[in-house]
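Okay, so here's the structure we're looking at.
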Number of protein chains: 2
Amino acid sequence: MKIYLAGPDVFLLDAVDIGQRKVELCARHGLIGLYPLDNPFDIAARDASMQTFRGNEAMMNETSANLTPFRGPGADAGTVYELGYMVGRGKLCLGYTNDPSCYADRVREFTEVTSRDGRLIDARGLTVEDFGLSDNLMMIHALDLHGCALVQPRQDPTDMQDLSAFETSVRMAAERLAAAHPRRPG
Amino acid sequence: MKIYLAGPDVFLLDAVDIGQRKVELCARHGLIGLYPLDNPFDIAARDASMQTFRGNEAMMNETSANLTPFRGPGADAGTVYELGYMVGRGKLCLGYTNDPSCYADRVREFTEVTSRDGRLIDARGLTVEDFGLSDNLMMIHALDLHGCALVQPRQDPTDMQDLSAFETSVRMAAERLAAAHPRRPG
């Protein structure tokens with residue numbers, strides 16, 4: 001089973017290294033990890049962003065999406081797009097986050113939140129989704145219905161590069177594969 | 001043509017009103033707008049979030065996605081998920097934003113950004129996508145290749161509720177429909 005490794009990992013300074021570690025973890029569980037940075041592209045090219053898009057789209061298969069909050073209270077937009085795309089194509093979708101908190105609590109750290117008529121309202125007057133979920137309900141329930149429930153740690157891992165939640169999601173993918181294609185005894 | 005009206009509009013305090021205005025604008029261009037809040041659901045129900053997910057998923061058709069920056073420098077995650085899902089299902093995808101700036105400039109307003117080895121780095125040490133695009137390349141080029149290019153104003157509209165960019169995207173959808181199904185003369 002090929003697993004597309006969606007996530008904001010590509011924006012880390014040690015992006016290549018963490019990609020290699022993810023691919024190795026996949027291999028340890030009998031899976032093939034496909035990392036976006038495996039696509040050769042020329043950052044200086046005029047169409048570098050389109051090259052990246054085409055490379056990623058061609059690579060997308062079953063997916064493990066890193067939904068750890070990125071730049072703000074929620075997940076990285078590119079990862080979320082890719083998760084939606086995979087669900088739309090009927091692929092198995094797995095997701096994990098390294099953050100144990102729920103979305104509304106993270107918005108409270110990000111901006112002032114008040115309560116009005118039973119709803120939470122942020123400083124710009126926008127309501128705050130408050131279902132006790134880790135992030136926007138579309139992603140969380142997409143995983144529930146089109147893959148495996150979000151893997152979320154009980155406590156903060158030491159850093160964004162921590163791969164324990166990722167490894168749990170890879171193990172779940174491997175179990176799904178084994179259940180779908182059981183080996184014959186002997 | 002039915003157009004699913006994806007966007008953070010549902011989080012506005014006048015969410016129902018803006019939905020009605022969007023549906024009316026669609027009708028003026030001969031299209032049927034489907035607004036997420038048209039789905040009846042019980043906010044107090046234990047499974048309110050899952051009801052919402054299922055309602056939205058059943059409604060998703062061709063789409064007009066409001067990618068105006070939401071809670072942070074980028075678009076609303078639920079909208080981005082839905083855009084990906086539509087592309088995955090091969091639907092016509094349109095998108096607009098009410099913000100004329102590019103992503104990197106918005107990140108600069110959001111957090112400290114420095115330059116290192118030719119790359120932009122934010123305060124947490126994460127690289128900042130810097131292709132001069134309005135948001136993450138996955139969404140922007142998805143629209144280029146699977147719909148119409150993002151509609152973006154040259155200047156800030158007066159407010160998030162401004163529907164001029166939305167109407168432009170609806171007009172583009174109507175033109176696509178007319179081109180695909182030209183009326184017979186006479």
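We label chains A, B, ... in the order they appear in the structure tokens, count residues from 1 in each chain, and number ligands from 1 in the order shown.
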Please tabulate, as CSV, the residues of stretch 78-170 of chain B that come within 7 Å of stretch 47-71 of chain A, each with its closest pair of atoms and the distance in Å to one decimal, counting only C-alpha atoms and ordering rows by chain, then residue number upward.
residue,atom,partner,partner_atom,distance
B:Phe131,CA,A:Ser49,CA,6.6
B:Leu137,CA,A:Ser49,CA,6.2
B:Met138,CA,A:Phe53,CA,5.8
B:His141,CA,A:Met50,CA,6.5
Compile a residue-level contact table for chain B against chain A at a cut-off of 7 Å, reporting for every qualifying residue the shortest atom pair and its distance in Å to one decimal, with only C-alpha atoms counted, rows ordered by chain and ascending number, as a Markdown table.
| residue | atom | partner | partner_atom | distance |
| --- | --- | --- | --- | --- |
| B:Phe11 | CA | A:Thr127 | CA | 4.9 |
| B:Leu12 | CA | A:Leu126 | CA | 5.1 |
| B:Leu13 | CA | A:Leu126 | CA | 6.5 |
| B:Ser49 | CA | A:Leu137 | CA | 6.2 |
| B:Met50 | CA | A:His141 | CA | 6.5 |
| B:Phe53 | CA | A:Met138 | CA | 5.8 |
| B:Arg71 | CA | A:Gly72 | CA | 6.9 |
| B:Gly72 | CA | A:Gly72 | CA | 5.2 |
| B:Ala77 | CA | A:Ala77 | CA | 6.2 |
| B:Gly78 | CA | A:Met138 | CA | 5.6 |
| B:Val80 | CA | A:Tyr81 | CA | 5.3 |
| B:Tyr81 | CA | A:Gly84 | CA | 4.5 |
| B:Glu82 | CA | A:Gly84 | CA | 6.1 |
| B:Leu83 | CA | A:Tyr81 | CA | 6.7 |
| B:Gly84 | CA | A:Tyr85 | CA | 4.1 |
| B:Tyr85 | CA | A:Gly84 | CA | 4.1 |
| B:Met86 | CA | A:Gly88 | CA | 6.5 |
| B:Val87 | CA | A:Tyr85 | CA | 6.2 |
| B:Gly88 | CA | A:Gly88 | CA | 4.3 |
| B:Arg89 | CA | A:Gly88 | CA | 4.9 |
| B:Gly125 | CA | A:Leu13 | CA | 6.9 |
| B:Leu126 | CA | A:Leu12 | CA | 5.1 |
| B:Thr127 | CA | A:Phe11 | CA | 4.9 |
| B:Phe131 | CA | A:Ser49 | CA | 6.6 |
| B:Asn136 | CA | A:Gly78 | CA | 5.9 |
| B:Leu137 | CA | A:Ser49 | CA | 6.2 |
| B:Met138 | CA | A:Gly78 | CA | 5.6 |
| B:Met139 | CA | A:Tyr81 | CA | 6.7 |
| B:His141 | CA | A:Met50 | CA | 6.5 |
### Task
For B:Leu94, work out the shell of residues within 8 Å, counting only C-alpha atoms and skipping chain neighbours fewer than 2 positions away, then give it as a list in words.
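Contacts, with the query itself left out: Thr63, Ser64, Ala65, Leu92, Tyr96, Leu143, Gly147, Cys148, Ala149, Leu150, Ser169 and Ala173 of chain B.
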Can those selected residues be exported to a file as a PDB file, in the first residue's frame so that it contains N, CA and C atoms?
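Output contents, as saved in out_34.pdb:
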ATOM      1  N   THR B  63     -18.892  23.891  -7.121  1.00  0.00           N
ATOM      2  CA  THR B  63     -18.751  24.702  -5.920  1.00  0.00           C
ATOM      3  C   THR B  63     -18.204  26.092  -6.202  1.00  0.00           C
ATOM      4  N   SER B  64     -18.632  27.033  -5.380  1.00  0.00           N
ATOM      5  CA  SER B  64     -17.989  28.345  -5.320  1.00  0.00           C
ATOM      6  C   SER B  64     -17.437  28.483  -3.911  1.00  0.00           C
ATOM      7  N   ALA B  65     -16.121  28.473  -3.779  1.00  0.00           N
ATOM      8  CA  ALA B  65     -15.488  28.452  -2.457  1.00  0.00           C
ATOM      9  C   ALA B  65     -15.010  29.847  -2.070  1.00  0.00           C
ATOM     10  N   LEU B  92     -16.759  21.001 -11.206  1.00  0.00           N
ATOM     11  CA  LEU B  92     -16.271  22.337 -11.562  1.00  0.00           C
ATOM     12  C   LEU B  92     -16.081  23.145 -10.283  1.00  0.00           C
ATOM     13  N   TYR B  96     -13.167  32.387  -4.767  1.00  0.00           N
ATOM     14  CA  TYR B  96     -12.927  33.829  -4.706  1.00  0.00           C
ATOM     15  C   TYR B  96     -12.400  34.175  -3.324  1.00  0.00           C
ATOM     16  N   LEU B 143      -7.784  25.387  -8.602  1.00  0.00           N
ATOM     17  CA  LEU B 143      -8.758  26.221  -9.324  1.00  0.00           C
ATOM     18  C   LEU B 143      -8.294  26.452 -10.762  1.00  0.00           C
ATOM     19  N   GLY B 147     -11.111  24.259 -12.683  1.00  0.00           N
ATOM     20  CA  GLY B 147     -12.233  25.196 -12.622  1.00  0.00           C
ATOM     21  C   GLY B 147     -11.848  26.487 -13.298  1.00  0.00           C
ATOM     22  N   CYS B 148     -11.982  27.569 -12.573  1.00  0.00           N
ATOM     23  CA  CYS B 148     -11.583  28.890 -13.081  1.00  0.00           C
ATOM     24  C   CYS B 148     -10.607  29.501 -12.085  1.00  0.00           C
ATOM     25  N   ALA B 149      -9.708  30.330 -12.578  1.00  0.00           N
ATOM     26  CA  ALA B 149      -8.717  30.972 -11.706  1.00  0.00           C
ATOM     27  C   ALA B 149      -9.403  31.746 -10.577  1.00  0.00           C
ATOM     28  N   LEU B 150      -8.759  31.771  -9.432  1.00  0.00           N
ATOM     29  CA  LEU B 150      -9.279  32.491  -8.266  1.00  0.00           C
ATOM     30  C   LEU B 150      -9.679  33.917  -8.629  1.00  0.00           C
ATOM     31  N   SER B 169     -17.519  35.172  -9.631  1.00  0.00           N
ATOM     32  CA  SER B 169     -17.318  33.721  -9.770  1.00  0.00           C
ATOM     33  C   SER B 169     -18.610  33.039 -10.214  1.00  0.00           C
ATOM     34  N   ALA B 173     -19.308  30.754 -13.636  1.00  0.00           N
ATOM     35  CA  ALA B 173     -19.976  29.447 -13.663  1.00  0.00           C
ATOM     36  C   ALA B 173     -21.103  29.456 -14.685  1.00  0.00           C
TER      37      ALA B 173
END
Helix (DSSP H, G or I) per DSSP on the backbone: members of chain B, as a compact mmCIF listing (two decimals) with N, CA and C atoms, in the first residue's frame:
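Now in states.txt:
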# COMPACT_ATOMS: atom_id res chain seq x y z
N PRO B 8 -16.56 30.39 4.89
CA PRO B 8 -16.70 30.64 6.33
C PRO B 8 -17.90 31.55 6.62
N ASP B 9 -18.70 31.85 5.58
CA ASP B 9 -19.90 32.68 5.74
C ASP B 9 -20.80 32.12 6.85
N VAL B 10 -20.79 30.79 7.00
CA VAL B 10 -21.66 30.17 8.02
C VAL B 10 -21.25 30.58 9.43
N PHE B 11 -20.04 31.14 9.59
CA PHE B 11 -19.59 31.55 10.93
C PHE B 11 -19.89 33.03 11.20
N ALA B 15 -25.19 34.94 9.27
CA ALA B 15 -24.91 33.82 8.35
C ALA B 15 -26.12 33.47 7.48
N VAL B 16 -27.31 33.47 8.08
CA VAL B 16 -28.50 33.08 7.32
C VAL B 16 -28.78 34.13 6.24
N ASP B 17 -28.67 35.38 6.63
CA ASP B 17 -28.94 36.48 5.69
C ASP B 17 -27.98 36.45 4.50
N ILE B 18 -26.69 36.27 4.78
CA ILE B 18 -25.72 36.29 3.68
C ILE B 18 -25.92 35.08 2.77
N GLY B 19 -26.34 33.97 3.34
CA GLY B 19 -26.66 32.79 2.54
C GLY B 19 -27.80 33.07 1.58
N GLN B 20 -28.84 33.75 2.09
CA GLN B 20 -29.98 34.09 1.22
C GLN B 20 -29.54 35.01 0.09
N ARG B 21 -28.68 35.98 0.41
CA ARG B 21 -28.21 36.91 -0.63
C ARG B 21 -27.41 36.15 -1.69
N LYS B 22 -26.60 35.18 -1.25
CA LYS B 22 -25.81 34.40 -2.22
C LYS B 22 -26.73 33.56 -3.12
N VAL B 23 -27.74 32.94 -2.51
CA VAL B 23 -28.67 32.11 -3.29
C VAL B 23 -29.41 32.99 -4.31
N GLU B 24 -29.81 34.19 -3.88
CA GLU B 24 -30.52 35.11 -4.79
C GLU B 24 -29.62 35.53 -5.96
N LEU B 25 -28.35 35.81 -5.64
CA LEU B 25 -27.40 36.19 -6.70
C LEU B 25 -27.23 35.05 -7.71
N CYS B 26 -27.17 33.82 -7.20
CA CYS B 26 -27.07 32.65 -8.10
C CYS B 26 -28.30 32.61 -9.01
N ALA B 27 -29.47 32.77 -8.42
CA ALA B 27 -30.72 32.69 -9.19
C ALA B 27 -30.73 33.74 -10.30
N ARG B 28 -30.20 34.94 -9.99
CA ARG B 28 -30.16 36.01 -10.98
C ARG B 28 -29.33 35.60 -12.20
N PRO B 36 -24.87 25.66 3.01
CA PRO B 36 -24.79 24.65 4.07
C PRO B 36 -25.88 24.79 5.14
N LEU B 37 -26.23 26.02 5.49
CA LEU B 37 -27.22 26.18 6.57
C LEU B 37 -28.64 25.83 6.12
N ASP B 38 -28.83 25.53 4.82
CA ASP B 38 -30.15 25.07 4.37
C ASP B 38 -30.46 23.69 4.95
N ALA B 48 -24.56 16.53 16.53
CA ALA B 48 -24.80 17.71 15.68
C ALA B 48 -23.69 17.88 14.64
N SER B 49 -22.44 17.65 15.02
CA SER B 49 -21.35 17.85 14.07
C SER B 49 -21.40 16.82 12.95
N MET B 50 -21.74 15.56 13.29
CA MET B 50 -21.84 14.53 12.26
C MET B 50 -23.03 14.78 11.34
N GLN B 51 -24.14 15.24 11.91
CA GLN B 51 -25.30 15.63 11.08
C GLN B 51 -24.89 16.69 10.05
N THR B 52 -24.11 17.66 10.52
CA THR B 52 -23.66 18.73 9.64
C THR B 52 -22.77 18.18 8.53
N PHE B 53 -21.83 17.30 8.91
CA PHE B 53 -20.93 16.71 7.92
C PHE B 53 -21.73 15.98 6.84
N ARG B 54 -22.65 15.12 7.30
CA ARG B 54 -23.42 14.32 6.33
C ARG B 54 -24.28 15.22 5.44
N GLY B 55 -24.86 16.25 6.03
CA GLY B 55 -25.69 17.17 5.26
C GLY B 55 -24.87 17.88 4.19
N ASN B 56 -23.70 18.36 4.59
CA ASN B 56 -22.83 19.06 3.63
C ASN B 56 -22.37 18.12 2.52
N GLU B 57 -21.94 16.92 2.92
CA GLU B 57 -21.40 15.99 1.93
C GLU B 57 -22.46 15.64 0.88
N ALA B 58 -23.70 15.48 1.34
CA ALA B 58 -24.78 15.12 0.41
C ALA B 58 -25.08 16.28 -0.54
N MET B 59 -24.79 17.49 -0.12
CA MET B 59 -25.14 18.69 -0.86
C MET B 59 -24.07 19.08 -1.88
N ALA B 77 -10.48 26.22 7.00
CA ALA B 77 -10.14 24.80 6.76
C ALA B 77 -11.32 24.01 6.20
N GLY B 78 -12.52 24.25 6.71
CA GLY B 78 -13.69 23.50 6.22
C GLY B 78 -13.91 23.76 4.74
N THR B 79 -13.74 25.00 4.33
CA THR B 79 -13.91 25.37 2.93
C THR B 79 -12.83 24.71 2.07
N VAL B 80 -11.61 24.71 2.57
CA VAL B 80 -10.50 24.13 1.83
C VAL B 80 -10.71 22.62 1.66
N TYR B 81 -11.16 21.96 2.74
CA TYR B 81 -11.49 20.53 2.65
C TYR B 81 -12.51 20.31 1.53
N GLU B 82 -13.56 21.12 1.53
CA GLU B 82 -14.64 20.94 0.56
C GLU B 82 -14.15 21.18 -0.87
N LEU B 83 -13.28 22.15 -1.04
CA LEU B 83 -12.70 22.39 -2.37
C LEU B 83 -11.94 21.15 -2.84
N GLY B 84 -11.11 20.60 -1.96
CA GLY B 84 -10.36 19.39 -2.32
C GLY B 84 -11.29 18.24 -2.68
N TYR B 85 -12.33 18.09 -1.89
CA TYR B 85 -13.31 17.00 -2.12
C TYR B 85 -13.96 17.14 -3.50
N MET B 86 -14.34 18.37 -3.85
CA MET B 86 -14.97 18.62 -5.16
C MET B 86 -14.01 18.32 -6.29
N VAL B 87 -12.76 18.75 -6.14
CA VAL B 87 -11.77 18.48 -7.20
C VAL B 87 -11.61 16.96 -7.34
N GLY B 88 -11.51 16.27 -6.20
CA GLY B 88 -11.37 14.82 -6.22
C GLY B 88 -12.53 14.13 -6.94
N TYR B 103 -0.14 35.61 0.00
CA TYR B 103 -0.03 34.87 1.25
C TYR B 103 1.16 35.32 2.10
N ALA B 104 2.31 35.46 1.49
CA ALA B 104 3.51 35.81 2.26
C ALA B 104 3.34 37.17 2.95
N ASP B 105 2.72 38.12 2.28
CA ASP B 105 2.49 39.44 2.90
C ASP B 105 1.55 39.32 4.09
N ARG B 106 0.55 38.44 3.97
CA ARG B 106 -0.38 38.26 5.09
C ARG B 106 0.31 37.59 6.28
N VAL B 107 1.24 36.66 5.99
CA VAL B 107 1.98 36.04 7.09
C VAL B 107 2.82 37.08 7.80
N ARG B 108 3.38 38.04 7.05
CA ARG B 108 4.18 39.11 7.65
C ARG B 108 3.35 39.94 8.64
N GLU B 109 2.07 40.10 8.37
CA GLU B 109 1.20 40.84 9.30
C GLU B 109 0.89 39.99 10.53
N PHE B 110 0.98 38.69 10.36
CA PHE B 110 0.55 37.73 11.37
C PHE B 110 1.66 37.40 12.35
N LEU B 137 -0.46 26.93 -2.59
CA LEU B 137 -0.50 26.60 -4.02
C LEU B 137 -1.47 25.48 -4.36
N MET B 138 -1.74 24.56 -3.44
CA MET B 138 -2.63 23.44 -3.77
C MET B 138 -4.03 23.96 -4.15
N MET B 139 -4.54 24.90 -3.37
CA MET B 139 -5.88 25.43 -3.69
C MET B 139 -5.86 26.29 -4.95
N ILE B 140 -4.85 27.16 -5.04
CA ILE B 140 -4.83 28.12 -6.15
C ILE B 140 -4.70 27.39 -7.50
N HIS B 141 -3.78 26.42 -7.57
CA HIS B 141 -3.61 25.72 -8.85
C HIS B 141 -4.72 24.70 -9.09
N ALA B 142 -5.35 24.21 -8.02
CA ALA B 142 -6.54 23.35 -8.21
C ALA B 142 -7.59 24.13 -8.98
N LEU B 143 -7.78 25.39 -8.60
CA LEU B 143 -8.76 26.22 -9.32
C LEU B 143 -8.29 26.45 -10.76
N ASP B 144 -7.00 26.71 -10.95
CA ASP B 144 -6.49 26.92 -12.31
C ASP B 144 -6.76 25.72 -13.21
N LEU B 145 -6.57 24.52 -12.67
CA LEU B 145 -6.64 23.31 -13.51
C LEU B 145 -8.00 22.63 -13.48
N HIS B 146 -8.78 22.85 -12.43
CA HIS B 146 -10.05 22.11 -12.30
C HIS B 146 -11.25 23.05 -12.20
N SER B 164 -19.09 41.15 -4.29
CA SER B 164 -18.74 41.43 -5.69
C SER B 164 -17.83 40.34 -6.28
N ALA B 165 -16.83 39.89 -5.53
CA ALA B 165 -15.97 38.81 -6.05
C ALA B 165 -16.79 37.52 -6.19
N PHE B 166 -17.67 37.28 -5.23
CA PHE B 166 -18.55 36.10 -5.33
C PHE B 166 -19.37 36.16 -6.60
N GLU B 167 -19.96 37.33 -6.88
CA GLU B 167 -20.81 37.44 -8.08
C GLU B 167 -20.00 37.20 -9.35
N THR B 168 -18.76 37.67 -9.36
CA THR B 168 -17.92 37.41 -10.54
C THR B 168 -17.73 35.90 -10.73
N SER B 169 -17.52 35.17 -9.63
CA SER B 169 -17.32 33.72 -9.77
C SER B 169 -18.61 33.04 -10.21
N VAL B 170 -19.76 33.54 -9.76
CA VAL B 170 -21.04 32.97 -10.20
C VAL B 170 -21.23 33.22 -11.70
N ARG B 171 -20.86 34.42 -12.14
CA ARG B 171 -20.99 34.75 -13.56
C ARG B 171 -20.13 33.80 -14.40
N MET B 172 -18.92 33.51 -13.90
CA MET B 172 -18.03 32.59 -14.62
C MET B 172 -18.66 31.20 -14.72
N ALA B 173 -19.31 30.75 -13.64
CA ALA B 173 -19.98 29.45 -13.66
C ALA B 173 -21.10 29.46 -14.68
N ALA B 174 -21.87 30.56 -14.70
CA ALA B 174 -22.99 30.66 -15.65
C ALA B 174 -22.49 30.64 -17.09
N GLU B 175 -21.35 31.29 -17.33
CA GLU B 175 -20.78 31.30 -18.69
C GLU B 175 -20.31 29.90 -19.09
N ARG B 176 -19.72 29.18 -18.14
CA ARG B 176 -19.33 27.80 -18.42
C ARG B 176 -20.54 26.95 -18.81
N LEU B 177 -21.62 27.14 -18.03
CA LEU B 177 -22.85 26.38 -18.29
C LEU B 177 -23.39 26.71 -19.68
N ALA B 178 -23.41 28.01 -20.00
CA ALA B 178 -23.94 28.44 -21.30
C ALA B 178 -23.10 27.88 -22.45
N ALA B 179 -21.77 27.83 -22.24
CA ALA B 179 -20.88 27.31 -23.28
C ALA B 179 -21.08 25.81 -23.47
N ALA B 180 -21.37 25.11 -22.37
CA ALA B 180 -21.55 23.66 -22.44
C ALA B 180 -22.92 23.29 -23.02
### Query
Quick one: residues within 6 Å of stretch 29-34 of chain B, only C-alpha atoms counted, chain neighbours fewer than 4 positions away excluded, as a PyMOL selection string?
chain B and resi 1-5+23
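The neighbours of B:Pro153 here are the residues that come within 8 Å of it, using only C-alpha atoms and leaving out any residue fewer than 4 positions away in the same chain; they are Thr97, Asn98, Asp99, Pro100, Pro157 and Ala165 of chain B.
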From a DSSP pass on the backbone, collect the residues of stretch 24-118 of chain A flagged as strand (DSSP E) and hand them back as an mmCIF file with all heavy atoms, in the first residue's frame.
data_model
loop_
_atom_site.group_PDB
_atom_site.id
_atom_site.type_symbol
_atom_site.label_atom_id
_atom_site.label_comp_id
_atom_site.auth_asym_id
_atom_site.auth_seq_id
_atom_site.Cartn_x
_atom_site.Cartn_y
_atom_site.Cartn_z
ATOM 1 N N ILE A 32 4.641 1.713 1.627
ATOM 2 C CA ILE A 32 5.508 2.604 0.844
ATOM 3 C C ILE A 32 5.068 4.045 1.076
ATOM 4 O O ILE A 32 3.948 4.418 0.708
ATOM 5 C CB ILE A 32 5.423 2.259 -0.655
ATOM 6 C CG1 ILE A 32 5.877 0.819 -0.887
ATOM 7 C CG2 ILE A 32 6.268 3.237 -1.484
ATOM 8 C CD1 ILE A 32 5.448 0.259 -2.232
ATOM 9 N N GLY A 33 5.922 4.828 1.706
ATOM 10 C CA GLY A 33 5.600 6.242 1.945
ATOM 11 C C GLY A 33 6.026 7.099 0.769
ATOM 12 O O GLY A 33 7.125 6.940 0.243
ATOM 13 N N LEU A 34 5.133 7.968 0.323
ATOM 14 C CA LEU A 34 5.446 8.908 -0.772
ATOM 15 C C LEU A 34 5.453 10.316 -0.195
ATOM 16 O O LEU A 34 4.431 10.799 0.287
ATOM 17 C CB LEU A 34 4.377 8.817 -1.870
ATOM 18 C CG LEU A 34 4.160 7.433 -2.490
ATOM 19 C CD1 LEU A 34 3.002 7.483 -3.482
ATOM 20 C CD2 LEU A 34 5.426 6.938 -3.175
ATOM 21 N N GLU A 62 -3.592 6.568 -1.076
ATOM 22 C CA GLU A 62 -4.053 6.552 0.315
ATOM 23 C C GLU A 62 -3.190 7.577 1.036
ATOM 24 O O GLU A 62 -2.057 7.842 0.646
ATOM 25 C CB GLU A 62 -3.865 5.176 0.981
ATOM 26 C CG GLU A 62 -4.054 3.938 0.124
ATOM 27 C CD GLU A 62 -5.313 3.858 -0.687
ATOM 28 O OE1 GLU A 62 -6.378 4.257 -0.205
ATOM 29 O OE2 GLU A 62 -5.232 3.396 -1.830
ATOM 30 N N THR A 63 -3.703 8.150 2.120
ATOM 31 C CA THR A 63 -2.953 9.245 2.707
ATOM 32 C C THR A 63 -2.884 9.195 4.223
ATOM 33 O O THR A 63 -3.796 8.696 4.874
ATOM 34 C CB THR A 63 -3.564 10.607 2.292
ATOM 35 O OG1 THR A 63 -2.693 11.656 2.723
ATOM 36 C CG2 THR A 63 -4.923 10.844 2.919
ATOM 37 N N SER A 64 -1.781 9.684 4.745
ATOM 38 C CA SER A 64 -1.687 9.979 6.170
ATOM 39 C C SER A 64 -1.473 11.482 6.286
ATOM 40 O O SER A 64 -0.446 12.001 5.874
ATOM 41 C CB SER A 64 -0.505 9.232 6.795
ATOM 42 O OG SER A 64 -0.172 9.852 8.037
ATOM 43 N N ALA A 65 -2.462 12.187 6.823
ATOM 44 C CA ALA A 65 -2.416 13.651 6.848
ATOM 45 C C ALA A 65 -2.009 14.144 8.230
ATOM 46 O O ALA A 65 -2.629 13.795 9.232
ATOM 47 C CB ALA A 65 -3.792 14.208 6.473
ATOM 48 N N ASN A 66 -0.964 14.966 8.260
ATOM 49 C CA ASN A 66 -0.520 15.593 9.510
ATOM 50 C C ASN A 66 -1.357 16.856 9.736
ATOM 51 O O ASN A 66 -1.142 17.874 9.092
ATOM 52 C CB ASN A 66 0.970 15.938 9.408
ATOM 53 C CG ASN A 66 1.487 16.642 10.655
ATOM 54 O OD1 ASN A 66 0.730 16.934 11.590
ATOM 55 N ND2 ASN A 66 2.774 16.915 10.688
ATOM 56 N N CYS A 93 -8.206 7.294 4.109
ATOM 57 C CA CYS A 93 -7.597 8.502 4.683
ATOM 58 C C CYS A 93 -7.333 8.327 6.170
ATOM 59 O O CYS A 93 -8.243 7.994 6.936
ATOM 60 C CB CYS A 93 -8.515 9.695 4.468
ATOM 61 S SG CYS A 93 -8.646 10.142 2.730
ATOM 62 N N LEU A 94 -6.086 8.571 6.546
ATOM 63 C CA LEU A 94 -5.698 8.557 7.956
ATOM 64 C C LEU A 94 -5.186 9.930 8.312
ATOM 65 O O LEU A 94 -4.639 10.637 7.467
ATOM 66 C CB LEU A 94 -4.604 7.520 8.181
ATOM 67 C CG LEU A 94 -5.037 6.106 7.788
ATOM 68 C CD1 LEU A 94 -4.179 5.611 6.649
ATOM 69 C CD2 LEU A 94 -4.974 5.183 8.970
ATOM 70 N N GLY A 95 -5.360 10.302 9.558
ATOM 71 C CA GLY A 95 -4.880 11.605 9.975
ATOM 72 C C GLY A 95 -4.407 11.566 11.406
ATOM 73 O O GLY A 95 -4.855 10.746 12.206
ATOM 74 N N TYR A 96 -3.466 12.444 11.716
ATOM 75 C CA TYR A 96 -2.989 12.535 13.086
ATOM 76 C C TYR A 96 -2.675 13.995 13.387
ATOM 77 O O TYR A 96 -2.546 14.834 12.492
ATOM 78 C CB TYR A 96 -1.745 11.664 13.295
ATOM 79 C CG TYR A 96 -0.482 12.196 12.673
ATOM 80 C CD1 TYR A 96 0.427 12.937 13.421
ATOM 81 C CD2 TYR A 96 -0.190 11.965 11.328
ATOM 82 C CE1 TYR A 96 1.597 13.444 12.852
ATOM 83 C CE2 TYR A 96 0.967 12.466 10.759
ATOM 84 C CZ TYR A 96 1.859 13.199 11.518
ATOM 85 O OH TYR A 96 2.997 13.697 10.950
ATOM 86 N N VAL A 113 -12.130 35.307 23.034
ATOM 87 C CA VAL A 113 -13.377 34.611 22.712
ATOM 88 C C VAL A 113 -14.400 34.913 23.806
ATOM 89 O O VAL A 113 -14.093 34.797 24.993
ATOM 90 C CB VAL A 113 -13.146 33.079 22.611
ATOM 91 C CG1 VAL A 113 -14.460 32.339 22.432
ATOM 92 C CG2 VAL A 113 -12.198 32.761 21.452
ATOM 93 N N THR A 114 -15.594 35.311 23.390
ATOM 94 C CA THR A 114 -16.667 35.575 24.354
ATOM 95 C C THR A 114 -17.857 34.673 24.033
ATOM 96 O O THR A 114 -17.899 34.034 22.977
ATOM 97 C CB THR A 114 -17.120 37.048 24.286
ATOM 98 O OG1 THR A 114 -17.477 37.349 22.931
ATOM 99 C CG2 THR A 114 -16.032 38.001 24.744
ATOM 100 N N SER A 115 -18.798 34.631 24.953
ATOM 101 C CA SER A 115 -19.978 33.798 24.773
ATOM 102 C C SER A 115 -21.190 34.700 24.544
ATOM 103 O O SER A 115 -21.363 35.692 25.244
ATOM 104 C CB SER A 115 -20.177 32.939 26.025
ATOM 105 O OG SER A 115 -21.067 31.891 25.756
ATOM 106 N N ARG A 116 -21.978 34.399 23.521
ATOM 107 C CA ARG A 116 -23.162 35.205 23.234
ATOM 108 C C ARG A 116 -24.274 34.285 22.727
ATOM 109 O O ARG A 116 -24.067 33.541 21.773
ATOM 110 C CB ARG A 116 -22.827 36.248 22.150
ATOM 111 C CG ARG A 116 -23.829 37.407 22.097
ATOM 112 C CD ARG A 116 -23.559 38.323 20.900
ATOM 113 N NE ARG A 116 -22.186 38.803 20.827
ATOM 114 C CZ ARG A 116 -21.721 39.549 19.803
ATOM 115 N NH1 ARG A 116 -22.514 39.885 18.810
ATOM 116 N NH2 ARG A 116 -20.462 39.953 19.785
#
